[in-house]
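What follows is one structure encoded as structure tokens, with my remarks underneath.
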Amino acid sequence: MASPGFRAVLPGALCYNRRVGEADPAEDKRQLVVLEGVRKSFGDLQALRDIDLTVSAGEVVVLIGPSGSGKSTLCRCINRLETIDAGTILIDGMPLPQEGKALARLRADIGMVFQSFNLFAHKTVLQNVTLGPIKVRDIPKAEAAERGMALLERVGIADKADRYPAELSGGQQQRAAIARALAMDPKLMLFDEPTSALDPEMIKEVLDVMIELAKEGTTMIVVTHEMGFARSAARRVVFMDGGRIVETADPDTFFSSPSTERARDFLSKILAH
Amino acid sequence: MAAAVLLGLLALLIRLIVNSRFADFAVVRHYLFNRSILVGLRNTLVISVLAQMVGITLGVTLSVMRLSKNPVLSVTSWLYIWFFRGTPVLVQLLFWFNAVPQVFKTFAVSVPFTHIVLYQKPMVLFMTSFMAALLGLGLNEGAYMAEIVRAAIISVDEGQTEAAQALGMRSGLIMRRVVLPQAMRVIIPPTGNEFISMLKTSSLASVVLYGELLRRASDIYSTNLRVVELLLDASIWYLVLTSIATIGQYYLERRFARGASRELPLTPLQRIRRNLVPGRPWFRVLR
Ligand SMILES: Nc1ncnc2c1ncn2[C@@H]1O[C@H](COP(=O)(O)OP(=O)(O)O)[C@@H](O)[C@H]1O
Ligand SMILES: [Mg+2]
């Protein structure tokens, strides 16, 4: 889990002296995601309680917290895979549409990467990547395929373009899923524990792709316990517990000297092994 | 031991059949390729394929309706399935052929809420044997297919739908492009069984005077009284049809297994060919 470990194996061309998600002063400070007083219950269970969170364009935010603290629910509310009970969510200044065409259009602008990859099992890797652009963005097939191949190249699995997901390793599948999300040219990328289902030796290949994205200025909300990623790519760590945001801090501060008891407690548990 | 007893019994049975001379096999052979029988064979195939297609189309529609959040749609679908599965298909066939033309005198297609009539025909002319057979078999099959398709749709991982939603796909598109193609793998095997069953059930259409295989055979034996021989002819052709359908089912299943497992199973032909490759150990031994 130590970040120096995977920094060392990154290609020399990549420089991590500056934290990559850190915006330079000239950068657009547009508020891309604004959550205010967001609440969500499942029956009696309050999964989200009064969540306030703002993410600016180009920012990388890591969500961290114990299992069941509401991290996935928060992500899913942002592209309305879950409806919220109270509060407001603004995406690029616009409130989340209720349903139909407008909602579909909004979702097309938000990429999502799932813990379980969720690649379309009946389509090849390339078809997975081109389906959205062709069917949702009306991009001609040839052009979509060309751009799809470029994306697969970028995540390092161009040679797997004609394979079915079941023929790929977990790490390759997750990189394909990232390429699929990127193919829509999203304004924002949501990652929900993208490496939790992966064997240790595959985690790095996925994180490398994500760090690369962060470096290019992609706005990302990432649920992960990978401290290395948080330290090298995130500007902010948001610690959740019991459906609340308990603490927000920059990664170095959060991991070395968290200010709340609950965060200390949590960190001692994930660092124990 | 058990196998020996079984074989002994089988030998006895065969001797019994041959000795009884219960059928004249020359007659069986003579009528096997009788023109009327062959037309019946074609009609059986036609009505089975068409009714199965009606059934599949209805089944997909009904199952999507049944899974809809809209209660009007899901209740309508539930009622349909309840009714058509709950009554005998023989009754439904007779109903279309005999009862409907008595109740409704004309069949007309008009533009809704206007008096513009696009198509009109007296019901007795519209509700031919063919039409009654198609409706009777097809609508009944729709109810069974609906349950098959519904189970298959539910079996597709919800993550697939969520991933498609996250790409900005709308529900109709998701159903067509993501869910149904994956449900196909689960739909095909029972649908193959349904079709094999339909090939045989289509013989019920003989009650609405549709000239399928059984009707043709019984028309012939009602004049020449060769009941056993003609029923044997019909049975032979039914066996041929169901055997072909079984083979077709195998290849279809294989086609739709794509993406579900790492490697497709070999077809029987491929297995033979692979074993014939020179250089395979057993081949060298044979030479
Ligand atoms: N669809 C659902 N139905 C009922 N309860 C749910 C559902 N989704 C999540 N929950 C509950 O909401 C809480 C927060 O879940 P989740 O957001 O998945 O947590 P995390 O991702 O932080 O582990 C958990 O207690 C979970 O059991
Ligand atoms: Mg989660």
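In the structure tokens, the first chain shown is A, the next is B, and so on; residue numbers restart at 1 for each chain, and ligands run from 1 in the order shown.
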(request) Provide as JSON, numbers by chain the residues of chain B at most 10 Å from chain A, counting only C-alpha atoms. (result) {"B": [156, 157, 158, 159, 160, 161, 162, 163, 164, 165, 166, 167, 168, 169, 170, 171, 173, 177, 178, 179, 181, 182, 183, 185, 256, 257, 258, 259, 260, 261, 262, 263]}
(request) Pick out the residues no farther than 7 Å from ligand 1, counting only C-alpha atoms and all ligand atoms, and list them as number ranges by chain. (result) A: 42, 45, 47, 65-74, 243
I need the residues from that last selection saved to file as a tab-separated table (two decimals), in the first residue's frame (with C-alpha atoms), if you can.
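What ended up in part-v2.tsv:
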```tsv
chain	number	residue	atom	x	y	z
A	42	PHE	CA	-33.11	2.94	2.48
A	45	LEU	CA	-31.46	3.12	7.31
A	47	ALA	CA	-27.29	6.00	4.16
A	65	GLY	CA	-14.40	5.40	5.04
A	66	PRO	CA	-15.52	2.15	6.58
A	67	SER	CA	-17.75	-0.26	4.71
A	68	GLY	CA	-21.37	0.84	4.81
A	69	SER	CA	-20.50	4.48	5.43
A	70	GLY	CA	-22.33	5.59	2.28
A	71	LYS	CA	-19.49	6.10	-0.22
A	72	SER	CA	-21.09	4.06	-2.99
A	73	THR	CA	-24.46	5.61	-2.33
A	74	LEU	CA	-22.93	9.07	-2.65
A	243	GLY	CA	-23.53	8.52	6.18
```
(message) Using DSSP assignments from the backbone, pull out every residue in stretch 26-257 of chain B that falls under strand (DSSP E or B) and give it to me as a list in words.
(response) Thr106, Phe107, Ala108, Val109, Ser110, Val117, Leu118, Tyr119, Gln120, Lys121 and Pro122 of chain B
(request) Work out how far apart atom CA of B:Thr114 and atom CA of B:Thr76 are and give it in Å to one decimal. (result)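 The value is 25.4 Å.
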(message) Nearest residue to ligand 2 out of A:Arg231, A:His225, A:Arg236, A:Lys160, using only C-alpha atoms and all ligand atoms?
(response) A:His225
(message) Neighbouring residues of B:Gly138 were defined as those with any atom within 7 Å, considering only C-alpha atoms; residues of the same chain fewer than 3 positions away were excluded. Please report them as a count of residues only.
(response) 8
(request) Mind giving me the straight-line distance from atom CA of B:Val28 to atom CA of B:Leu225 in Å, one decimal? (result)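 Atom CA of B:Val28 sits 12.7 Å away from atom CA of B:Leu225.
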(message) Need to verify the contact set: stretch 238-249 of chain B, 12 Å, only C-alpha atoms, exclusion of same-chain residues closer than 5 positions in sequence. Can you return it as a ChimeraX atom specification?
(response) /B:32,37-38,40-42,44-46,48-49,185,187-203,212-214,231-233,254-256,267-269
(request) Give the alpha helix (DSSP H) residues of stretch 29-266 of chain A, as DSSP finds them on the backbone, and put them as a PyMOL selection string. (result) chain A and resi 71-78+100-108+125-135+141-154+170-182+200-215+227-233+251-256+261-266
(request) Rank nothing, just name the residue among A:Val237, A:Phe191, A:Leu53, A:Asp138 nearest to ligand 2, using only C-alpha atoms and all ligand atoms. (result)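 Ranked by minimum distance to ligand 2, first place goes to A:Phe191.
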(request) Would you mind reading off the distance between atom CA of B:Val100 and atom CA of B:Phe84, one decimal, in Å? (result) 16.0 Å
Which residues come within 8 Å of stretch 11-27 of chain B, counting only C-alpha atoms, excluding same-chain residues fewer than 3 positions away, as a PDB file with C-alpha atoms, in the first residue's frame?
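Saved the output as selection-v2.pdb:
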```
ATOM      1  CA  LEU B   7     -32.316 -56.083 -23.547  1.00  0.00           C
ATOM      2  CA  GLY B   8     -34.224 -59.339 -23.211  1.00  0.00           C
ATOM      3  CA  HIS B  30     -45.923 -45.834 -49.912  1.00  0.00           C
ATOM      4  CA  TYR B  31     -47.644 -43.050 -48.001  1.00  0.00           C
ATOM      5  CA  VAL B 228     -51.880 -47.634 -38.141  1.00  0.00           C
ATOM      6  CA  GLU B 229     -49.780 -47.109 -41.252  1.00  0.00           C
TER       7      GLU B 229
END
```
(message) Taking only C-alpha atoms and all ligand atoms into account, name the residue in A:Val222, A:Ala161, A:Ile139, A:Ile134 that is nearest to ligand 2.
(response) A:Val222
(message) Need the shell around A:Phe266: protein/DNA/RNA residues with any atom at most 12 Å away, counting only C-alpha atoms. Skip same-chain ones fewer than 4 positions apart. Format as a PyMOL selection string?
(response) chain A and resi 64-67+69+225+239-241+246-247+254-255+258+260-262+270-272
(request) Give the answer as one residue: which of A:Asp265, A:Asp250, A:Glu212, A:Asp192 has the shortest atom-to-atom distance to ligand 2, using only C-alpha atoms and all ligand atoms? (result) A:Asp192
